[in-house]
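Q: Sending over entry.txt (compact mmCIF, C-alpha atoms (C1' of nucleotides)).
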```
# COMPACT_ATOMS: atom_id res chain seq x y z
CA MET R 125 46.74 202.94 23.04
CA SER R 126 43.07 203.18 23.54
CA THR R 127 43.65 206.80 24.24
CA GLN R 128 40.18 207.11 22.92
CA ARG R 129 37.47 208.69 24.90
CA ALA R 130 34.82 206.48 26.37
CA ASP R 131 31.92 207.92 24.42
CA ALA R 132 33.91 207.63 21.24
CA ARG R 133 34.38 203.95 21.84
CA ARG R 134 30.70 203.54 22.56
CA ASN R 135 29.75 205.26 19.35
CA TYR R 136 32.22 203.17 17.46
CA ALA R 137 30.61 200.03 18.74
CA ARG R 138 27.09 201.29 18.09
CA ILE R 139 27.92 202.25 14.54
CA LEU R 140 29.61 198.96 13.90
CA ALA R 141 26.63 197.02 15.18
CA VAL R 142 24.17 198.96 13.09
CA ALA R 143 26.44 198.75 10.06
CA GLU R 144 26.50 194.98 10.35
CA GLU R 145 22.74 194.76 10.06
CA GLU R 146 22.51 197.39 7.40
CA VAL R 147 25.16 195.82 5.21
CA ALA R 148 23.59 192.43 5.66
CA ALA R 149 20.29 193.91 4.55
CA HIS R 150 21.39 196.17 1.71
CA GLY R 151 24.71 194.86 0.53
CA ALA R 152 28.07 196.50 0.15
CA ASN R 153 26.83 200.00 -0.51
CA ALA R 154 24.31 200.50 2.18
CA SER R 155 23.63 204.13 2.98
CA LEU R 156 26.11 205.56 5.43
CA GLU R 157 23.58 208.25 6.13
CA GLN R 158 21.05 205.63 7.08
CA ILE R 159 23.52 203.86 9.32
CA ALA R 160 24.26 207.10 11.11
CA ARG R 161 20.57 207.79 11.52
CA THR R 162 19.60 204.46 13.03
CA ALA R 163 22.70 204.52 15.19
CA GLY R 164 21.56 207.86 16.53
CA VAL R 165 24.71 209.73 15.59
CA GLY R 166 25.55 212.39 13.04
CA SER R 167 26.82 211.30 9.69
CA ALA R 168 30.08 213.09 10.39
CA THR R 169 30.71 210.80 13.32
CA VAL R 170 30.45 207.77 11.11
CA ARG R 171 32.95 209.27 8.73
CA ARG R 172 35.24 210.09 11.57
CA HIS R 173 35.43 206.54 12.83
CA PHE R 174 35.47 205.04 9.35
CA PRO R 175 37.00 207.51 6.91
CA THR R 176 36.09 205.41 3.92
CA ARG R 177 33.35 202.97 3.11
CA ARG R 178 35.94 200.27 2.75
CA ALA R 179 37.17 200.94 6.25
CA LEU R 180 33.68 200.37 7.56
CA LEU R 181 33.20 197.21 5.56
CA GLU R 182 36.49 195.82 6.70
CA ALA R 183 35.67 196.55 10.29
CA VAL R 184 32.31 194.87 9.85
CA PHE R 185 33.80 191.73 8.40
CA HIS R 186 36.92 191.60 10.47
CA GLU R 187 35.69 189.29 13.17
CA ARG R 188 33.79 187.20 10.70
CA ILE R 189 36.95 186.75 8.70
CA GLU R 190 38.72 185.70 11.84
CA VAL R 191 36.57 182.61 11.91
CA LEU R 192 37.90 181.59 8.53
CA CYS R 193 41.42 182.21 9.66
CA ALA R 194 40.87 179.97 12.63
CA ARG R 195 39.53 177.32 10.31
CA GLY R 196 42.69 177.65 8.26
CA ARG R 197 44.80 177.11 11.33
CA ASP R 198 42.83 174.02 12.24
CA LEU R 199 43.41 172.57 8.81
CA ALA R 200 47.10 173.40 8.81
CA ASP R 201 48.18 169.96 9.89
CA ALA R 202 45.59 167.76 8.32
CA ALA R 203 46.90 164.58 6.80
CA ASP R 204 45.55 165.19 3.31
CA THR R 205 47.02 168.51 2.28
CA ARG R 206 44.99 168.74 -0.90
CA ALA R 207 41.73 168.07 0.88
CA ALA R 208 42.63 170.62 3.50
CA LEU R 209 43.19 173.34 0.94
CA LEU R 210 40.03 172.50 -0.93
CA GLU R 211 37.97 172.43 2.20
CA TRP R 212 39.23 175.81 3.21
CA LEU R 213 38.46 177.24 -0.21
CA SER R 214 35.02 175.76 -0.02
CA ALA R 215 34.43 177.26 3.39
CA LEU R 216 35.62 180.62 2.14
CA THR R 217 33.30 180.42 -0.82
CA ALA R 218 30.29 179.43 1.20
CA TYR R 219 30.97 182.13 3.68
CA ALA R 220 31.50 184.88 1.18
CA ALA R 221 28.43 183.84 -0.76
CA SER R 222 26.23 183.96 2.30
CA THR R 223 27.53 187.25 3.60
CA ARG R 224 26.36 190.19 1.57
CA GLY R 225 29.06 192.66 0.71
CA LEU R 226 31.98 190.51 1.75
CA ALA R 227 33.09 189.75 -1.77
CA ALA R 228 32.95 193.42 -2.68
CA ALA R 229 35.05 194.21 0.37
CA LEU R 230 37.64 191.65 -0.67
CA ILE R 231 38.37 193.08 -4.06
CA PRO R 232 41.28 195.49 -3.76
CA GLU R 233 40.87 199.20 -3.99
CA GLY R 234 40.26 201.07 -7.21
CA ALA R 235 43.67 202.67 -7.65
CA ALA R 236 46.82 200.69 -8.24
CA GLY R 237 46.30 199.45 -4.74
CA PHE R 238 49.24 200.16 -2.61
CA ASP R 239 48.41 201.91 0.62
CA PRO R 240 50.74 201.88 3.56
CA GLN R 241 50.14 199.64 6.56
CA ASP R 242 47.13 197.98 5.04
CA VAL R 243 48.17 194.76 6.65
CA ASN R 244 44.91 194.44 8.45
CA THR R 245 42.97 194.36 5.26
CA CYS R 246 40.58 191.48 5.10
CA ALA R 247 42.20 190.18 1.96
CA ALA R 248 45.64 190.19 3.52
CA GLN R 249 44.28 188.50 6.60
CA LEU R 250 42.82 185.76 4.47
CA SER R 251 46.01 185.40 2.48
CA GLU R 252 47.95 184.83 5.66
CA ALA R 253 45.49 182.19 6.72
CA GLY R 254 45.36 180.36 3.44
CA ARG R 255 48.95 180.53 2.31
CA PRO R 256 50.24 177.71 4.52
CA LEU R 257 47.56 175.42 3.18
CA LEU R 258 48.49 176.23 -0.39
CA LEU R 259 52.19 175.79 0.27
CA ARG R 260 51.67 172.40 1.88
CA ALA R 261 49.49 171.25 -0.96
CA ALA R 262 51.99 172.54 -3.49
CA LYS R 263 54.79 170.66 -1.80
CA ASP R 264 52.76 167.51 -2.29
CA GLY R 265 52.34 168.39 -5.94
CA ALA R 266 48.59 168.66 -5.58
CA VAL R 267 48.27 172.05 -7.24
CA ALA R 268 49.57 173.62 -10.37
CA PRO R 269 52.89 175.41 -9.87
CA GLY R 270 53.17 179.17 -9.96
CA MET R 271 49.89 179.69 -8.22
CA THR R 272 49.59 182.12 -5.35
CA ILE R 273 47.08 182.23 -2.57
CA GLU R 274 46.03 185.62 -3.87
CA ASP R 275 45.12 183.97 -7.15
CA LEU R 276 42.85 181.57 -5.37
CA ILE R 277 41.20 184.22 -3.27
CA THR R 278 40.68 186.40 -6.30
CA LEU R 279 39.13 183.47 -8.09
CA VAL R 280 36.75 182.78 -5.25
CA THR R 281 35.90 186.45 -4.95
CA GLY R 282 35.10 186.59 -8.63
CA ILE R 283 32.92 183.52 -8.49
CA VAL R 284 30.98 184.90 -5.59
CA LEU R 285 30.57 188.28 -7.22
CA ALA R 286 29.28 186.71 -10.40
CA THR R 287 26.79 184.49 -8.62
CA GLU R 288 25.43 187.01 -6.14
CA HIS R 289 22.35 187.55 -8.26
CA HIS R 290 21.49 183.88 -8.47
CA PRO R 291 18.44 182.44 -6.70
CA ASP R 292 20.71 180.22 -4.64
CA PRO R 293 24.11 181.92 -4.62
CA GLY R 294 25.69 179.54 -2.14
CA THR R 295 25.31 176.30 -4.03
CA GLU R 296 25.89 177.97 -7.36
CA ALA R 297 29.14 179.47 -6.15
CA GLU R 298 30.31 176.18 -4.77
CA ARG R 299 29.43 174.45 -8.00
CA LEU R 300 31.56 176.86 -9.97
CA LEU R 301 34.37 176.55 -7.50
CA GLY R 302 34.27 172.78 -7.91
CA LEU R 303 34.43 173.30 -11.63
CA ALA R 304 37.48 175.51 -11.40
CA VAL R 305 39.17 173.15 -8.99
CA ALA R 306 38.65 170.14 -11.20
CA GLY R 307 39.48 172.16 -14.28
CA VAL R 308 37.21 173.25 -17.06
CA SER R 309 39.20 171.25 -19.53
CA PRO R 310 42.35 169.80 -18.03
CA GLN R 311 45.09 168.49 -20.24
CA ARG R 312 44.74 164.80 -20.88
CA MET S 103 8.58 199.34 -37.40
CA SER S 104 10.77 202.35 -37.14
CA THR S 105 7.63 204.35 -36.59
CA GLN S 106 9.99 206.49 -34.59
CA ARG S 107 10.34 210.12 -35.27
CA ALA S 108 13.48 211.28 -37.00
CA ASP S 109 14.71 213.46 -34.17
CA ALA S 110 14.13 210.63 -31.76
CA ARG S 111 16.35 208.36 -33.79
CA ARG S 112 19.01 211.04 -33.97
CA ASN S 113 18.97 211.54 -30.25
CA TYR S 114 19.14 207.81 -29.71
CA ALA S 115 22.28 207.64 -31.79
CA ARG S 116 23.85 210.66 -30.14
CA ILE S 117 23.20 209.33 -26.67
CA LEU S 118 24.55 205.94 -27.58
CA ALA S 119 27.74 207.42 -28.99
CA VAL S 120 28.32 209.57 -25.93
CA ALA S 121 27.49 206.70 -23.63
CA GLU S 122 30.13 204.57 -25.29
CA GLU S 123 32.86 207.05 -24.49
CA GLU S 124 31.55 207.80 -21.07
CA VAL S 125 31.30 204.18 -20.06
CA ALA S 126 34.74 203.49 -21.46
CA ALA S 127 36.04 206.34 -19.37
CA HIS S 128 34.16 205.84 -16.12
CA GLY S 129 33.06 202.23 -16.05
CA ALA S 130 29.69 200.63 -15.64
CA ASN S 131 28.15 203.32 -13.53
CA ALA S 132 28.99 206.42 -15.41
CA SER S 133 26.70 209.31 -14.68
CA LEU S 134 23.57 209.25 -16.80
CA GLU S 135 23.20 212.93 -16.05
CA GLN S 136 26.63 213.57 -17.47
CA ILE S 137 25.88 211.55 -20.58
CA ALA S 138 22.74 213.57 -21.13
CA ARG S 139 24.65 216.79 -20.65
CA THR S 140 27.44 216.11 -23.11
CA ALA S 141 24.95 214.66 -25.56
CA GLY S 142 23.07 217.93 -25.35
CA VAL S 143 19.77 216.40 -24.33
CA GLY S 144 17.71 216.44 -21.20
CA SER S 145 18.22 213.67 -18.70
CA ALA S 146 14.64 212.61 -19.24
CA THR S 147 15.37 211.88 -22.86
CA VAL S 148 18.11 209.49 -21.89
CA ARG S 149 15.76 207.68 -19.60
CA ARG S 150 13.14 207.59 -22.26
CA HIS S 151 15.36 205.78 -24.74
CA PHE S 152 17.00 203.61 -22.15
CA PRO S 153 14.62 203.05 -19.25
CA THR S 154 17.24 201.39 -17.13
CA ARG S 155 20.98 201.65 -16.85
CA ARG S 156 21.26 198.06 -17.94
CA ALA S 157 19.35 198.83 -21.10
CA LEU S 158 21.88 201.50 -21.94
CA LEU S 159 24.83 199.27 -21.19
CA GLU S 160 23.45 196.48 -23.28
CA ALA S 161 22.87 198.82 -26.17
CA VAL S 162 26.40 200.11 -25.83
CA PHE S 163 27.94 196.67 -25.87
CA HIS S 164 25.61 195.06 -28.34
CA GLU S 165 27.68 195.56 -31.45
CA ARG S 166 30.89 194.86 -29.62
CA ILE S 167 29.46 191.58 -28.45
CA GLU S 168 28.55 190.76 -31.99
CA VAL S 169 32.24 190.54 -32.80
CA LEU S 170 32.63 187.78 -30.26
CA CYS S 171 29.65 185.97 -31.67
CA ALA S 172 31.19 186.09 -35.10
CA ARG S 173 34.40 184.71 -33.68
CA GLY S 174 32.39 181.88 -32.19
CA ARG S 175 30.88 181.10 -35.55
CA ASP S 176 34.29 181.04 -37.15
CA LEU S 177 35.52 178.57 -34.60
CA ALA S 178 32.47 176.36 -34.92
CA ASP S 179 34.09 173.93 -37.31
CA ALA S 180 37.68 173.99 -36.22
CA ALA S 181 39.38 170.65 -36.14
CA ASP S 182 40.40 170.75 -32.49
CA THR S 183 37.15 171.26 -30.60
CA ARG S 184 38.85 171.75 -27.28
CA ALA S 185 41.21 174.36 -28.61
CA ALA S 186 38.33 176.13 -30.28
CA LEU S 187 36.39 176.41 -27.05
CA LEU S 188 39.41 177.56 -25.13
CA GLU S 189 40.32 180.12 -27.69
CA TRP S 190 36.84 181.53 -27.62
CA LEU S 191 36.88 181.73 -23.85
CA SER S 192 40.20 183.44 -24.00
CA ALA S 193 38.95 185.96 -26.49
CA LEU S 194 35.91 186.61 -24.36
CA THR S 195 38.08 187.14 -21.33
CA ALA S 196 40.47 189.47 -23.06
CA TYR S 197 37.64 191.43 -24.52
CA ALA S 198 35.69 191.77 -21.30
CA ALA S 199 38.81 192.71 -19.40
CA SER S 200 39.67 195.47 -21.82
CA THR S 201 36.20 196.91 -22.04
CA ARG S 202 35.18 198.74 -18.94
CA GLY S 203 31.71 197.93 -17.73
CA LEU S 204 31.18 194.91 -19.92
CA ALA S 205 31.55 192.41 -17.13
CA ALA S 206 29.12 194.31 -14.98
CA ALA S 207 26.65 194.33 -17.83
CA LEU S 208 26.96 190.58 -18.19
CA ILE S 209 25.99 189.70 -14.68
CA PRO S 210 22.24 189.07 -14.57
CA GLU S 211 19.83 191.46 -12.98
CA GLY S 212 19.40 191.92 -9.27
CA ALA S 213 16.04 190.26 -8.80
CA ALA S 214 15.43 186.58 -9.41
CA GLY S 215 16.14 187.47 -12.99
CA PHE S 216 13.38 186.44 -15.26
CA ASP S 217 12.15 189.17 -17.50
CA PRO S 218 10.13 188.48 -20.60
CA GLN S 219 11.67 188.70 -24.06
CA ASP S 220 15.11 189.32 -22.77
CA VAL S 221 16.55 187.31 -25.60
CA ASN S 222 18.61 190.19 -26.81
CA THR S 223 20.45 190.40 -23.56
CA CYS S 224 24.17 190.39 -24.04
CA ALA S 225 24.56 187.34 -21.87
CA ALA S 226 22.02 185.39 -23.88
CA GLN S 227 23.65 186.48 -27.07
CA LEU S 228 26.99 185.19 -25.85
CA SER S 229 25.45 181.96 -24.66
CA GLU S 230 24.07 181.31 -28.11
CA ALA S 231 27.44 181.95 -29.62
CA GLY S 232 29.41 179.82 -27.21
CA ARG S 233 27.09 176.89 -26.70
CA PRO S 234 27.94 175.08 -29.92
CA LEU S 235 31.60 175.23 -29.06
CA LEU S 236 30.98 173.77 -25.65
CA LEU S 237 28.74 171.04 -27.01
CA ARG S 238 31.28 169.99 -29.59
CA ALA S 239 34.06 169.92 -27.04
CA ALA S 240 31.86 167.96 -24.66
CA LYS S 241 31.10 165.40 -27.33
CA ASP S 242 34.82 164.87 -27.66
CA GLY S 243 35.06 164.43 -23.91
CA ALA S 244 37.28 167.44 -23.57
CA VAL S 245 35.29 169.08 -20.78
CA ALA S 246 33.79 167.92 -17.55
CA PRO S 247 30.21 166.73 -17.91
CA GLY S 248 27.30 168.70 -16.55
CA MET S 249 28.80 172.01 -17.45
CA THR S 250 26.77 174.67 -19.19
CA ILE S 251 27.90 177.56 -21.31
CA GLU S 252 26.32 179.83 -18.74
CA ASP S 253 28.66 178.37 -16.16
CA LEU S 254 31.63 179.26 -18.28
CA ILE S 255 30.45 182.75 -19.01
CA THR S 256 29.71 183.34 -15.36
CA LEU S 257 33.16 182.12 -14.51
CA VAL S 258 34.78 184.46 -16.98
CA THR S 259 32.61 187.34 -15.80
CA GLY S 260 33.64 186.70 -12.24
CA ILE S 261 37.30 186.54 -13.09
CA VAL S 262 37.11 189.79 -14.97
CA LEU S 263 35.18 191.50 -12.22
CA ALA S 264 37.69 190.41 -9.63
CA THR S 265 40.67 191.55 -11.64
CA GLU S 266 39.35 194.89 -12.81
CA HIS S 267 41.33 196.70 -10.15
CA HIS S 268 44.62 195.10 -11.13
CA PRO S 269 47.40 197.10 -12.76
CA ASP S 270 47.19 194.87 -15.81
CA PRO S 271 43.70 193.40 -15.80
CA GLY S 272 43.99 191.73 -19.16
CA THR S 273 46.90 189.44 -18.52
CA GLU S 274 45.85 188.83 -14.94
CA ALA S 275 42.39 187.76 -16.06
CA GLU S 276 43.80 185.45 -18.69
CA ARG S 277 46.17 183.96 -16.18
CA LEU S 278 43.32 183.13 -13.85
CA LEU S 279 41.29 181.75 -16.70
CA GLY S 280 44.16 179.48 -17.64
CA LEU S 281 44.28 178.36 -14.06
CA ALA S 282 40.61 177.51 -13.99
CA VAL S 283 40.82 175.75 -17.31
CA ALA S 284 43.71 173.59 -16.24
CA GLY S 285 42.19 173.06 -12.83
CA VAL S 286 43.35 174.43 -9.52
CA SER S 287 43.89 170.95 -8.27
CA PRO S 288 42.62 168.32 -10.68
CA GLN S 289 42.14 164.78 -9.54
CA ARG S 290 45.17 162.67 -10.22
C1' DT M 162 -1.19 224.76 -43.91
C1' DA M 163 -3.07 223.03 -39.77
C1' DC M 164 -3.43 219.56 -36.52
C1' DG M 165 -2.49 215.71 -33.32
C1' DA M 166 0.49 212.50 -31.62
C1' DT M 167 5.14 212.06 -30.40
C1' DA M 168 9.14 213.45 -28.24
C1' DC M 169 11.60 216.83 -25.55
C1' DG M 170 13.74 219.08 -21.44
C1' DG M 171 13.51 221.75 -17.37
C1' DA M 172 11.95 221.85 -12.66
C1' DG M 173 11.45 219.73 -8.37
C1' DG M 174 11.73 216.06 -4.82
C1' DA M 175 14.43 212.57 -2.61
C1' DC M 176 18.63 210.73 -1.56
C1' DC M 177 23.55 210.60 -0.81
C1' DC M 178 28.40 211.86 0.07
C1' DC M 179 31.49 215.23 1.85
C1' DG M 180 33.75 219.10 4.48
C1' DC M 181 33.30 222.81 7.68
C1' DC M 182 32.77 224.70 12.20
C1' DA M 183 30.61 226.11 16.47
C1' DC M 184 29.44 223.59 20.37
C1' DT M 185 29.41 219.94 23.99
C1' DT M 186 31.53 216.57 26.90
C1' DG M 187 34.86 213.53 29.01
C1' DG M 188 38.97 212.98 31.68
C1' DC M 189 43.02 214.85 33.76
C1' DA M 190 45.46 218.18 36.83
C1' DA M 191 45.34 221.18 40.44
C1' DT L 61 35.90 218.77 43.90
C1' DT L 62 36.49 221.91 40.46
C1' DG L 63 38.01 223.83 36.22
C1' DC L 64 40.04 223.55 31.95
C1' DC L 65 41.22 221.98 27.26
C1' DA L 66 41.54 218.82 23.86
C1' DA L 67 38.82 215.17 21.90
C1' DG L 68 34.62 214.34 20.08
C1' DT L 69 30.11 215.59 18.24
C1' DG L 70 26.33 216.79 14.99
C1' DG L 71 24.00 219.95 12.08
C1' DC L 72 24.28 222.63 8.03
C1' DG L 73 25.30 223.71 3.26
C1' DG L 74 27.24 222.55 -1.25
C1' DG L 75 27.51 219.52 -5.01
C1' DG L 76 26.12 215.49 -7.24
C1' DT L 77 22.88 211.79 -8.91
C1' DC L 78 18.54 209.48 -10.00
C1' DC L 79 13.87 209.73 -11.15
C1' DT L 80 9.16 211.66 -12.24
C1' DC L 81 5.94 214.95 -13.84
C1' DC L 82 4.15 218.07 -17.01
C1' DG L 83 3.97 222.10 -20.09
C1' DT L 84 5.84 222.82 -24.54
C1' DA L 85 8.06 222.32 -29.06
C1' DT L 86 8.50 219.60 -33.01
C1' DC L 87 7.69 216.13 -36.52
C1' DG L 88 4.88 213.96 -40.02
C1' DT L 89 0.60 213.79 -42.08
C1' DA L 90 -4.02 214.97 -43.68
```
Represent the structure of the file as structure tokens.

A:
Amino acid sequence: MSTQRADARRNYARILAVAEEEVAAHGANASLEQIARTAGVGSATVRRHFPTRRALLEAVFHERIEVLCARGRDLADAADTRAALLEWLSALTAYAASTRGLAAALIPEGAAGFDPQDVNTCAAQLSEAGRPLLLRAAKDGAVAPGMTIEDLITLVTGIVLATEHHPDPGTEAERLLGLAVAGVSPQR
Amino acid sequence: MSTQRADARRNYARILAVAEEEVAAHGANASLEQIARTAGVGSATVRRHFPTRRALLEAVFHERIEVLCARGRDLADAADTRAALLEWLSALTAYAASTRGLAAALIPEGAAGFDPQDVNTCAAQLSEAGRPLLLRAAKDGAVAPGMTIEDLITLVTGIVLATEHHPDPGTEAERLLGLAVAGVSPQR
DNA sequence: TACGATACGGAGGACCCCGCCACTTGGCAA
DNA sequence: TTGCCAAGTGGCGGGGTCCTCCGTATCGTA
């Protein structure tokens, strides 16, 4: 491993750093060209390290996502399983809403998304982190049956996507999440 | 009114027709250039009739949306107010999920969206149609208080956006809607 | 029929993504 | 240390889009 040349690794890091800022500033489809320019490398180099835009986005968000995963692990043995799940969802929502481009990176690829060894995908990473919380809560009967962690993440992603425009995306997104959690119109 | 020249009106119609197909085929950001080409007009003409991409999308979906509004009116005096609201939401979801680009057109503009006389916006149109249903249901205590029709539409939009990729977007979107309606984890 | 406002569309600039390919450079072996 | 070769680089060109400007054609009317 790491049979990579030293300069290649340096460039990788440089590009990643610049990409972080650029994505934060201009959202999910920041100009790759621009990133290359301010990183001081050719555009081909960017494409070499990150063959697709998604690859770049995922790399950018990877460590950030890790924080959420850690949070999930912390909550894994909380006393109140329902509260734990909800808190994690809330954290996810807040985080996605405050990080430009993250939601877009979470929604699966265009095609009937099955690509080999995509385990490191941000979405998969999050699923791993959240699934235990959902399972525990389900065992306590706190959530509707037949619900998967992917459902929840998709829901959150959607909410964040639809509120990105809003003056205050964060609180708006959390409001809608609360709504969905409580139920728009639960059975009586 | 209609002080428009005849050829202008013809072109408008042609462009709109082509745009419908093109958007259906390639989603919300179909190539305006391409639309102009297959409509047999210059790209400037497209931009003249529809200054912004949103304007074009809204024109494309306007009549389609009207169907949903009519449905809302039909449901306005149903006996079961809750069922009426839910059915409308379901119809909206199904419709948005099966019509490429619609969801994208529903999410408000990038900037802190306040543009004058935007009453004819698709979103506003839908709000008008759905609000009575929500109000009636709320009066019967069937929905959580403090919820606006915009909230619901945003929720649906988000769900559709996040499921667009899915092999079967329609059923997936409706599943998630059902989930949100029933509540992910309602209070006991 | 002639004229003026209205509408058209092509050209050109700016940007972007993408693939190719000749060149440089880093790291290993002698 | 030196030399070599693969790994890595970046610039260039092609194709595409969006957008604006401006000379020109056309419509509708006087």

Q: Could the residues of chain R within 10 Å of chain M, counting all atoms listed in the file, be given as an MDAnalysis selection string, please?

A: chainID R and resid 129:132 155:158 167:168 171

Q: Report, in Å to a single decimal, how far apart CA of Cys224 (chain S) and CA of Ala282 (chain S) are.

A: 23.2 Å

Q: Within 10 Å of chain R, which residues of chain S are there when counting only C-alpha atoms? Please give them as number ranges by chain.

A: S: 184-185, 187-188, 205-206, 208-215, 239-240, 243-249, 253-270, 274-275, 277-290

Q: Tell me which of L:DT86, L:DT61, L:DC78, L:DG68 sits closest to Arg155 (chain S), counting all atoms listed in the file.

A: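 Ranking L:DT86, L:DT61, L:DC78, L:DG68 by distance to Arg155 (chain S), first place goes to L:DC78.
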
Q: So, with all atoms listed in the file as the atoms that count, which of L:DG83, L:DG76, L:DG71, L:DG63 lies closest to chain R?

A: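 For chain R, the nearest of the candidates is L:DG71.
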
Q: So how far away is CA of Ile251 (chain S) from CA of Arg233 (chain S), in Å?

A: 5.5 Å

Q: Find the residues in chain L near chain R: any atom within 12 Å counts, using all atoms listed in the file. Write them as an NGL selection string.

A: :L and (66-72)

Q: If we count all atoms listed in the file, what is near Thr162 (chain R) at a cut-off of 10 Å, once residues fewer than 5 positions away on the same chain are taken out, given as a VMD selection string?

A: chain R and resid 138 to 139 142 to 143 146 157

Q: Between CA of Val170 (chain R) and CA of Tyr136 (chain R), what distance in Å does the model show, to one decimal?

A: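 Spanning CA of Val170 (chain R) to CA of Tyr136 (chain R) is a straight-line distance of 8.0 Å.
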
Q: Which neighbours of Thr245 (chain R) fall inside 12 Å, counting all atoms listed in the file, when residues of the same chain fewer than 5 positions from it are skipped, and could you give them as a list in words?

A: Arg178, Ala179, Leu180, Leu181, Glu182, Ala183, Val184, Phe185, His186, Glu187, Ile189, Glu190, Ala229, Leu230, Ile231, Pro232, Glu233, Gly237, Phe238, Asp239, Pro240, Leu250, Ser251 and Glu252 of chain R
